[in-house]
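As provided, model_9.cif (mmCIF, C-alpha atoms) reads as follows.
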data_query
loop_
_atom_site.label_atom_id
_atom_site.label_comp_id
_atom_site.auth_asym_id
_atom_site.auth_seq_id
_atom_site.Cartn_x
_atom_site.Cartn_y
_atom_site.Cartn_z
CA MET O 1 -0.41 -6.63 -31.86
CA GLY O 2 -1.51 -7.95 -28.52
CA ALA O 3 -3.83 -5.37 -27.00
CA PRO O 4 -7.31 -4.96 -28.55
CA GLY O 5 -6.82 -1.20 -28.66
CA ALA O 6 -3.88 -1.68 -31.04
CA ARG O 7 -5.86 -3.80 -33.51
CA LEU O 8 -8.84 -1.44 -33.37
CA TRP O 9 -6.49 1.49 -33.98
CA ALA O 10 -5.16 -0.20 -37.12
CA VAL O 11 -8.70 -1.03 -38.33
CA GLN O 12 -9.79 2.56 -37.75
CA ARG O 13 -6.85 3.97 -39.74
CA ILE O 14 -7.30 1.54 -42.62
CA THR O 15 -11.06 2.17 -42.82
CA ALA O 16 -10.37 5.94 -42.67
CA ALA O 17 -8.02 5.65 -45.65
CA PHE O 18 -10.64 3.74 -47.63
CA LEU O 19 -13.48 6.08 -46.59
CA GLY O 20 -11.46 9.12 -47.64
CA LEU O 21 -11.29 7.79 -51.20
CA ALA O 22 -14.79 6.31 -51.14
CA VAL O 23 -16.44 9.60 -50.17
CA VAL O 24 -14.74 11.31 -53.14
CA VAL O 25 -15.87 8.55 -55.52
CA HIS O 26 -19.39 8.74 -54.06
CA LEU O 27 -19.69 12.53 -54.47
CA VAL O 28 -18.10 12.64 -57.93
CA THR O 29 -20.41 9.85 -59.09
CA ILE O 30 -23.47 11.76 -57.84
CA MET O 31 -22.38 14.93 -59.64
CA LEU O 32 -21.64 13.13 -62.88
CA ALA O 33 -24.72 10.94 -62.79
CA VAL O 34 -27.34 13.57 -61.97
CA ARG O 35 -26.87 15.79 -65.07
CA GLY O 36 -30.02 17.85 -64.61
CA GLY O 37 -32.16 15.47 -62.61
CA LEU O 38 -32.62 11.77 -61.99
CA SER O 39 -35.79 9.90 -61.07
CA ALA O 40 -35.87 6.93 -58.72
CA THR O 41 -36.64 4.66 -61.68
CA GLU O 42 -33.59 5.92 -63.58
CA ILE O 43 -31.37 5.35 -60.55
CA LEU O 44 -32.67 1.80 -60.11
CA GLU O 45 -32.18 1.08 -63.82
CA ARG O 46 -28.53 1.92 -63.47
CA THR O 47 -27.81 0.30 -60.13
CA ARG O 48 -29.67 -3.00 -60.59
CA GLY O 49 -27.26 -5.78 -61.37
CA ALA O 50 -24.22 -3.49 -61.09
CA THR O 51 -22.08 -5.88 -59.05
CA LEU O 52 -19.09 -3.56 -58.87
CA TRP O 53 -21.14 -0.75 -57.37
CA PHE O 54 -22.76 -3.13 -54.91
CA GLY O 55 -19.29 -4.29 -53.83
CA PHE O 56 -18.14 -0.69 -53.50
CA TYR O 57 -21.09 0.36 -51.33
CA ALA O 58 -20.98 -2.82 -49.25
CA ALA O 59 -17.31 -2.08 -48.45
CA PHE O 60 -18.25 1.58 -47.84
CA ALA O 61 -20.96 0.59 -45.34
CA LEU O 62 -18.73 -1.92 -43.57
CA CYS O 63 -15.89 0.60 -43.20
CA ALA O 64 -18.26 3.36 -42.05
CA GLY O 65 -19.87 1.08 -39.46
CA LEU O 66 -16.55 -0.11 -38.03
CA HIS O 67 -14.88 3.31 -38.20
CA GLY O 68 -17.76 5.04 -36.42
CA ALA O 69 -18.13 2.39 -33.72
CA ILE O 70 -14.39 2.39 -32.91
CA GLY O 71 -14.44 6.18 -32.64
CA LEU O 72 -17.48 6.11 -30.34
CA ARG O 73 -15.80 3.37 -28.26
CA ASN O 74 -12.80 5.63 -27.70
CA ILE O 75 -14.95 8.64 -26.80
CA ALA O 76 -17.04 6.52 -24.39
CA GLY O 77 -13.85 5.16 -22.78
CA GLU O 78 -12.33 8.59 -22.28
CA TRP O 79 -15.38 10.65 -21.34
CA LEU O 80 -17.63 8.15 -19.59
CA GLY O 81 -15.11 5.56 -18.45
CA TRP O 82 -16.99 2.80 -20.33
CA ARG O 83 -14.23 0.26 -20.87
CA GLY O 84 -13.65 -3.46 -20.94
CA ARG O 85 -14.31 -6.52 -23.05
CA ARG O 86 -18.09 -6.37 -22.72
CA MET O 87 -18.19 -2.77 -23.91
CA ASP O 88 -15.88 -3.73 -26.80
CA GLY O 89 -18.32 -6.49 -27.75
CA LEU O 90 -21.21 -4.04 -27.59
CA TRP O 91 -19.41 -1.53 -29.83
CA LEU O 92 -18.51 -4.26 -32.30
CA ALA O 93 -22.19 -5.27 -32.43
CA ILE O 94 -23.24 -1.62 -32.97
CA GLY O 95 -20.63 -1.24 -35.73
CA LEU O 96 -21.71 -4.40 -37.53
CA LEU O 97 -25.39 -3.50 -37.15
CA THR O 98 -24.77 -0.06 -38.66
CA ALA O 99 -22.84 -1.73 -41.48
CA ALA O 100 -25.67 -4.24 -42.00
CA PHE O 101 -28.19 -1.41 -42.47
CA GLY O 102 -25.94 0.15 -45.11
CA ILE O 103 -25.31 -3.15 -46.89
CA ARG O 104 -29.05 -3.89 -46.82
CA ALA O 105 -29.68 -0.53 -48.51
CA ALA O 106 -27.04 -1.22 -51.16
CA TRP O 107 -28.50 -4.67 -51.71
CA GLY O 108 -31.91 -3.05 -52.24
CA LEU O 109 -30.52 -0.89 -55.06
CA TYR O 110 -28.63 -3.78 -56.61
CA HIS O 111 -31.28 -6.47 -56.35
CA GLY O 112 -34.62 -4.91 -55.46
CA MET N 1 9.73 47.94 -5.92
CA ALA N 2 6.16 46.73 -5.44
CA ASP N 3 5.41 43.40 -3.86
CA LEU N 4 4.41 40.33 -5.84
CA LYS N 5 1.01 38.84 -5.12
CA ILE N 6 1.30 35.06 -4.88
CA ARG N 7 -1.47 32.50 -4.30
CA ILE N 8 -0.31 29.04 -3.28
CA TRP N 9 -2.37 25.89 -2.92
CA ARG N 10 -2.04 24.52 0.62
CA GLY N 11 -3.39 21.16 1.65
CA ASP N 12 -2.92 17.42 1.37
CA ALA N 13 -4.55 14.36 -0.20
CA THR N 14 -7.80 15.08 1.61
CA GLY N 15 -8.18 18.59 0.14
CA GLY N 16 -6.97 22.12 0.52
CA ALA N 17 -7.38 25.77 -0.44
CA MET N 18 -5.47 28.69 -1.90
CA GLU N 19 -3.51 30.93 0.46
CA ASP N 20 -2.36 34.45 -0.38
CA PHE N 21 1.20 35.68 0.12
CA SER N 22 3.10 38.80 -0.72
CA VAL N 23 6.83 38.79 -1.44
CA PRO N 24 9.23 41.57 -2.46
CA ALA N 25 9.57 41.81 -6.23
CA ARG N 26 13.13 41.71 -7.53
CA GLU N 27 14.71 42.46 -10.83
CA ASN N 28 15.40 38.81 -11.50
CA GLN N 29 13.52 36.09 -9.68
CA THR N 30 12.20 32.71 -10.57
CA ILE N 31 9.01 31.03 -9.36
CA LEU N 32 11.22 28.71 -7.29
CA ASP N 33 12.89 31.77 -5.68
CA VAL N 34 9.46 33.06 -4.73
CA VAL N 35 8.36 29.74 -3.21
CA THR N 36 11.65 29.48 -1.31
CA GLN N 37 11.27 33.05 -0.02
CA ILE N 38 7.77 32.24 1.25
CA GLN N 39 8.93 29.06 2.98
CA ARG N 40 11.91 30.75 4.64
CA GLU N 41 10.22 33.96 5.73
CA GLN N 42 6.50 33.35 6.02
CA ALA N 43 5.38 29.72 5.97
CA PRO N 44 8.07 27.36 7.26
CA ASP N 45 5.69 24.40 6.93
CA LEU N 46 5.20 24.94 3.17
CA ALA N 47 6.05 21.68 1.38
CA TYR N 48 7.64 21.78 -2.06
CA ARG N 49 10.41 19.94 -3.86
CA PHE N 50 13.61 21.06 -5.57
CA ALA N 51 17.22 20.01 -5.83
CA CYS N 52 19.58 21.41 -8.45
CA ARG N 53 18.01 24.86 -9.12
CA VAL N 54 19.57 24.92 -12.59
CA GLY N 55 17.23 22.86 -14.78
CA MET N 56 18.98 19.52 -14.56
CA CYS N 57 17.24 17.39 -11.98
CA GLY N 58 13.59 17.82 -12.93
CA SER N 59 12.25 17.89 -9.37
CA CYS N 60 10.77 21.41 -9.06
CA ALA N 61 7.89 21.25 -11.55
CA MET N 62 4.62 22.90 -10.45
CA GLU N 63 1.54 24.42 -12.06
CA VAL N 64 2.05 28.15 -12.52
CA ASN N 65 -1.04 30.09 -13.59
CA GLY N 66 -2.63 26.88 -14.87
CA ARG N 67 0.38 25.58 -16.74
CA ALA N 68 2.96 23.00 -15.69
CA ARG N 69 6.49 24.45 -15.67
CA TRP N 70 9.96 23.85 -14.29
CA THR N 71 9.91 26.56 -11.66
CA CYS N 72 13.69 26.99 -11.28
CA ARG N 73 13.99 28.19 -14.88
CA THR N 74 10.74 30.13 -15.00
CA HIS N 75 11.17 33.84 -14.38
CA VAL N 76 8.23 35.57 -12.75
CA LYS N 77 8.46 38.31 -15.39
CA ARG N 78 7.86 35.79 -18.15
CA VAL N 79 4.66 34.35 -16.73
CA ALA N 80 2.92 37.28 -15.06
CA ALA N 81 2.34 40.91 -16.03
CA PRO N 82 3.23 43.53 -13.37
CA GLY N 83 0.57 43.47 -10.64
CA GLU N 84 -0.90 40.16 -11.84
CA VAL N 85 -1.45 37.48 -9.20
CA VAL N 86 0.73 34.39 -9.65
CA GLU N 87 -1.11 31.18 -8.82
CA ILE N 88 1.03 28.16 -7.91
CA ARG N 89 -0.40 24.66 -7.53
CA PRO N 90 0.98 21.13 -7.36
CA LEU N 91 1.35 19.25 -10.67
CA ALA N 92 -1.91 17.91 -12.09
CA ASN N 93 -2.55 14.19 -12.74
CA LEU N 94 -0.48 13.11 -9.72
CA PRO N 95 -1.51 12.46 -6.10
CA VAL N 96 -0.69 15.34 -3.78
CA ILE N 97 1.44 14.58 -0.74
CA ARG N 98 1.26 18.06 0.77
CA ASP N 99 1.07 21.60 -0.60
CA LEU N 100 3.20 21.76 -3.78
CA ALA N 101 4.79 18.32 -3.43
CA THR N 102 3.21 15.53 -5.48
CA ASP N 103 3.83 11.81 -5.30
CA MET N 104 5.84 11.03 -8.45
CA ALA N 105 5.61 7.24 -7.96
CA PRO N 106 2.80 6.65 -10.53
CA PHE N 107 4.82 8.64 -13.09
CA PHE N 108 8.00 6.58 -12.64
CA ASP N 109 6.11 3.29 -12.22
CA LYS N 110 4.83 3.85 -15.76
CA TRP N 111 8.40 4.25 -17.06
CA ALA N 112 9.06 0.77 -15.66
CA LYS N 113 5.79 -0.53 -17.15
CA ALA N 114 6.81 0.83 -20.56
CA GLN N 115 10.03 -1.23 -20.26
CA GLY N 116 12.08 1.93 -20.04
CA SER N 117 15.29 0.24 -18.95
CA PHE N 118 18.09 -0.79 -21.29
CA GLN N 119 18.22 -4.54 -22.05
CA PRO N 120 21.64 -5.36 -23.50
CA LYS N 121 21.26 -7.57 -26.55
CA ASP N 122 24.79 -8.86 -26.84
CA ALA N 123 25.37 -9.77 -23.22
CA PRO N 124 22.16 -10.96 -21.55
CA ASP N 125 24.19 -12.30 -18.62
CA GLY N 126 25.62 -8.85 -17.97
CA SER N 127 29.11 -9.64 -19.24
CA VAL N 128 30.98 -7.19 -21.42
CA PRO N 129 30.45 -8.11 -25.08
CA ALA N 130 33.52 -9.05 -27.10
CA GLU N 131 32.75 -6.47 -29.77
CA PHE N 132 31.47 -2.96 -29.27
CA SER N 133 28.38 -1.99 -31.26
CA VAL N 134 29.23 0.55 -33.89
CA VAL N 135 26.50 3.20 -33.89
CA PRO N 136 27.17 5.93 -36.47
CA PRO N 137 26.02 9.26 -34.95
CA ASN N 138 24.19 10.24 -38.14
CA SER N 139 22.32 6.94 -38.61
CA LYS N 140 18.54 7.38 -38.65
CA GLN N 141 17.97 5.33 -35.51
CA ARG N 142 20.70 7.08 -33.54
CA MET N 143 19.24 10.47 -34.47
CA GLU N 144 15.71 9.33 -33.40
CA ALA N 145 17.14 8.21 -30.05
CA ASP N 146 19.16 11.42 -29.66
CA ALA N 147 16.03 13.53 -30.15
CA GLY N 148 14.43 12.13 -26.98
CA ILE N 149 17.37 11.24 -24.78
CA GLU N 150 17.66 14.44 -22.74
CA CYS N 151 14.48 13.92 -20.68
CA ILE N 152 14.98 15.00 -17.05
CA GLY N 153 11.82 13.28 -15.78
CA CYS N 154 10.21 16.46 -14.46
CA GLY N 155 6.65 15.27 -15.14
CA VAL N 156 5.58 18.48 -16.92
CA CYS N 157 4.37 16.52 -19.97
CA TYR N 158 2.54 14.03 -17.77
CA ALA N 159 0.74 16.81 -15.89
CA SER N 160 -0.17 18.50 -19.19
CA CYS N 161 -1.61 15.40 -20.88
CA ASP N 162 -5.40 15.11 -21.29
CA ILE N 163 -5.24 11.37 -21.92
CA VAL N 164 -3.53 10.82 -18.56
CA ALA N 165 -6.42 12.71 -16.96
CA TRP N 166 -8.98 10.55 -18.80
CA ASN N 167 -7.36 7.13 -18.40
CA LYS N 168 -5.44 6.34 -15.22
CA ASP N 169 -3.65 3.43 -16.91
CA TYR N 170 -2.29 5.55 -19.79
CA LEU N 171 1.51 5.42 -19.72
CA GLY N 172 1.98 9.07 -20.62
CA PRO N 173 4.39 11.00 -22.86
CA ALA N 174 7.63 10.67 -20.87
CA ALA N 175 7.44 6.87 -20.48
CA MET N 176 6.73 6.39 -24.18
CA ASN N 177 9.37 8.90 -25.21
CA ARG N 178 11.83 6.79 -23.19
CA ALA N 179 10.55 3.58 -24.81
CA TRP N 180 11.01 5.12 -28.27
CA THR N 181 14.66 6.01 -27.55
CA LEU N 182 15.27 2.35 -26.62
CA VAL N 183 13.36 1.02 -29.64
CA ASN N 184 15.89 2.97 -31.68
CA ASP N 185 18.87 1.71 -29.70
CA VAL N 186 20.45 -1.00 -31.86
CA ARG N 187 22.23 -2.45 -28.82
CA ASP N 188 18.95 -3.13 -27.02
CA GLY N 189 17.30 -6.56 -27.17
CA GLY N 190 14.10 -5.90 -25.20
CA ASN N 191 11.91 -4.56 -27.96
CA LYS N 192 9.38 -7.36 -28.16
CA ALA N 193 8.21 -6.91 -24.58
CA ARG N 194 8.61 -3.14 -24.86
CA LEU N 195 6.43 -2.80 -27.96
CA ASP N 196 3.78 -5.03 -26.38
CA ALA N 197 3.86 -2.84 -23.29
CA VAL N 198 3.37 0.43 -25.17
CA SER N 199 0.59 -0.75 -27.50
CA GLY N 200 -3.15 -0.58 -26.93
CA ASP N 201 -5.46 1.65 -24.90
CA ALA N 202 -2.96 2.25 -22.09
CA GLY N 203 -0.21 2.97 -24.63
CA CYS N 204 0.51 4.87 -27.80
CA HIS N 205 -2.77 4.02 -29.53
CA SER N 206 -4.72 6.26 -27.16
CA CYS N 207 -2.67 9.37 -27.97
CA HIS N 208 -4.67 12.07 -29.77
CA SER N 209 -1.54 13.91 -30.88
CA THR N 210 -2.78 17.15 -29.33
CA GLN N 211 0.87 17.81 -28.46
CA SER N 212 0.57 19.54 -25.09
CA CYS N 213 3.57 17.43 -24.05
CA THR N 214 5.69 18.75 -26.92
CA GLU N 215 4.44 22.30 -26.39
CA ARG N 216 5.29 22.32 -22.67
CA CYS N 217 8.42 20.18 -22.42
CA PRO N 218 11.00 22.48 -20.80
CA LYS N 219 13.79 20.61 -22.60
CA ASN N 220 12.09 21.13 -25.97
CA LEU N 221 11.74 17.40 -26.55
CA ASP N 222 8.97 16.06 -28.75
CA PRO N 223 7.19 13.14 -27.04
CA SER N 224 4.32 13.49 -29.55
CA SER N 225 6.61 12.46 -32.38
CA ALA N 226 8.06 9.64 -30.28
CA ILE N 227 4.54 8.27 -29.70
CA ALA N 228 3.75 8.64 -33.41
CA GLY N 229 6.94 6.69 -34.11
CA LEU N 230 5.76 3.87 -31.84
CA LYS N 231 2.39 3.77 -33.62
CA ARG N 232 4.11 3.67 -37.00
CA LYS N 233 6.50 0.92 -35.98
CA LEU N 234 3.78 -1.23 -34.40
CA PHE N 235 1.54 -0.80 -37.46
CA TRP N 236 4.09 -1.79 -40.08
CA ASP N 237 5.69 -4.52 -37.96
CA SER N 238 2.28 -6.14 -37.47
CA LEU N 239 1.23 -5.72 -41.09
CA LEU N 240 4.46 -7.19 -42.42
CA GLY N 241 4.48 -9.99 -39.84
CA ARG N 242 7.67 -8.78 -38.15
CA ARG N 243 6.22 -9.32 -34.70
#
Go through the file and emit its structure as structure tokens.
Amino acid sequence: MGAPGARLWAVQRITAAFLGLAVVVHLVTIMLAVRGGLSATEILERTRGATLWFGFYAAFALCAGLHGAIGLRNIAGEWLGWRGRRMDGLWLAIGLLTAAFGIRAAWGLYHG
Amino acid sequence: MADLKIRIWRGDATGGAMEDFSVPARENQTILDVVTQIQREQAPDLAYRFACRVGMCGSCAMEVNGRARWTCRTHVKRVAAPGEVVEIRPLANLPVIRDLATDMAPFFDKWAKAQGSFQPKDAPDGSVPAEFSVVPPNSKQRMEADAGIECIGCGVCYASCDIVAWNKDYLGPAAMNRAWTLVNDVRDGGNKARLDAVSGDAGCHSCHSTQSCTERCPKNLDPSSAIAGLKRKLFWDSLLGRR
């Protein structure tokens, strides 16, 4: 795919497919894990060292960051006329920054 | 019979205003009949465009009560209740030349940009190929092409498309519908350039699938599905390394 819009479209669809499943896993896990109340200590006991969950939430955060930024890029292009390579770079930075915050939070639960 | 109340946009590229007219109501009359009546009897300088009057040529499209329509096949009775004012404007999303006549050049330029012309695969030098392509009428590709082939180029879909209004480079439903019919033409060899041309922000990837084009196409074509087909083809071809 030549045009950047085409690649971003594909990324947005693929991340949407992953996020659709991930949100279900996330919610079901919360409902199953709570079972009448969880303290912060209990949560940390379970999440610390759980590599699989860290991987899952890191992927979740990356997909959410990219998906959201691409969507905002499209809205900004259509409604405000903000287009071009520099804007694309800015949106990519915003997407990765959002993802970094999420991954940092997941890392905190895994490692902290 | 009571008269019809008609409001027509008069003006040119620099601006204009609505002008009121009154024409005799008839048992059967189309919007194009009304406009013609006004030009012949009341406003000889009224500019509008038509040719065939029977829904073949696609030149008489206008906005009628806020909606793009082919005026030669639009009966007044179908679009306005008795006594209701009928408002007629030039097609949206296109530059106005004068009154109801728009400049269709941007619309057709985008057909060319979307590589909407047939590129024979077997005979690039224009000679007649030795063998005819056999295209079974019920093959999947032939049926996809058939579904979009009857476009008359009226511009109704283009004037109804929000994305065209938001992005002046967007190719629009008709151009991409045409591209999709050629993508599905097994005799055509121009698909690489064509698929490049219809991808990205100016092409199929900007479509929101809101389907105003499909809803308003007077020929009941489905440009929305054609654009979805382009997205699907580009996605899988790229993923599987076919382009």
### Task
Name the residues that the PyMOL selection byres ((chain O and resi 12) around 8) picks from the file above, as a PyMOL selection string, using the file's chain letters and numbers.
chain O and resi 8-11+13-16+66-67+70-71
### Message
Evaluate the PyMOL selection byres ((chain N) within 8 of (chain O)) against this structure - the residues, as a PyMOL selection string, please.
### Response
chain N and resi 163+166-167+196+199-201+205-206+234-235+238+243
### Query
What lies within 12 Å of Ala17 (chain N) using all atoms listed in the file, ignoring chain neighbours under 3 positions off, as number ranges by chain?
N: 7-14, 20, 87-90, 98-100
Resolved residues for the PyMOL selection byres ((chain O and resi 100) around 12) as a CSV table (one decimal) with C-alpha atoms, in the frame of the given file:
chain,number,residue,atom,x,y,z
O,57,TYR,CA,-21.1,0.4,-51.3
O,58,ALA,CA,-21.0,-2.8,-49.2
O,59,ALA,CA,-17.3,-2.1,-48.4
O,60,PHE,CA,-18.2,1.6,-47.8
O,61,ALA,CA,-21.0,0.6,-45.3
O,62,LEU,CA,-18.7,-1.9,-43.6
O,63,CYS,CA,-15.9,0.6,-43.2
O,64,ALA,CA,-18.3,3.4,-42.0
O,65,GLY,CA,-19.9,1.1,-39.5
O,66,LEU,CA,-16.6,-0.1,-38.0
O,93,ALA,CA,-22.2,-5.3,-32.4
O,94,ILE,CA,-23.2,-1.6,-33.0
O,95,GLY,CA,-20.6,-1.2,-35.7
O,96,LEU,CA,-21.7,-4.4,-37.5
O,97,LEU,CA,-25.4,-3.5,-37.2
O,98,THR,CA,-24.8,-0.1,-38.7
O,99,ALA,CA,-22.8,-1.7,-41.5
O,101,PHE,CA,-28.2,-1.4,-42.5
O,102,GLY,CA,-25.9,0.2,-45.1
O,103,ILE,CA,-25.3,-3.2,-46.9
O,104,ARG,CA,-29.0,-3.9,-46.8
O,105,ALA,CA,-29.7,-0.5,-48.5
O,106,ALA,CA,-27.0,-1.2,-51.2
O,107,TRP,CA,-28.5,-4.7,-51.7
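Across the structure, CA of Gly229 (chain N) and CA of Leu94 (chain N) are spaced 26.3 Å apart.
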### For Ser212 (chain N), the nearest of the candidates N:Asp162, N:Glu41, N:Asp169, N:Glu144, counting all atoms listed in the file
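For Ser212 (chain N), the nearest of the candidates is N:Asp162.
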### Message
If I take CA of Ala112 (chain N) and CA of Ala193 (chain N), how far is one from the other in Å, to one decimal?
### Response
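The value is 11.8 Å.
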### Task
Enter the distance from CA of Lys168 (chain N) to CA of Asp103 (chain N), in Å, rounded to one decimal.
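Atom-to-atom, CA of Lys168 (chain N) to CA of Asp103 (chain N), that is 14.6 Å.
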### Query
Which one of N:Met62, N:Val186, N:Val198, N:Ile152 sits closest to Pro120 (chain N) if you count only C-alpha atoms?
N:Val186
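Take the candidates N:Val23, N:Pro129, N:Arg194, N:Ser160 and check each one against Gly66 (chain N) using only C-alpha atoms; the shortest distance goes to N:Ser160.
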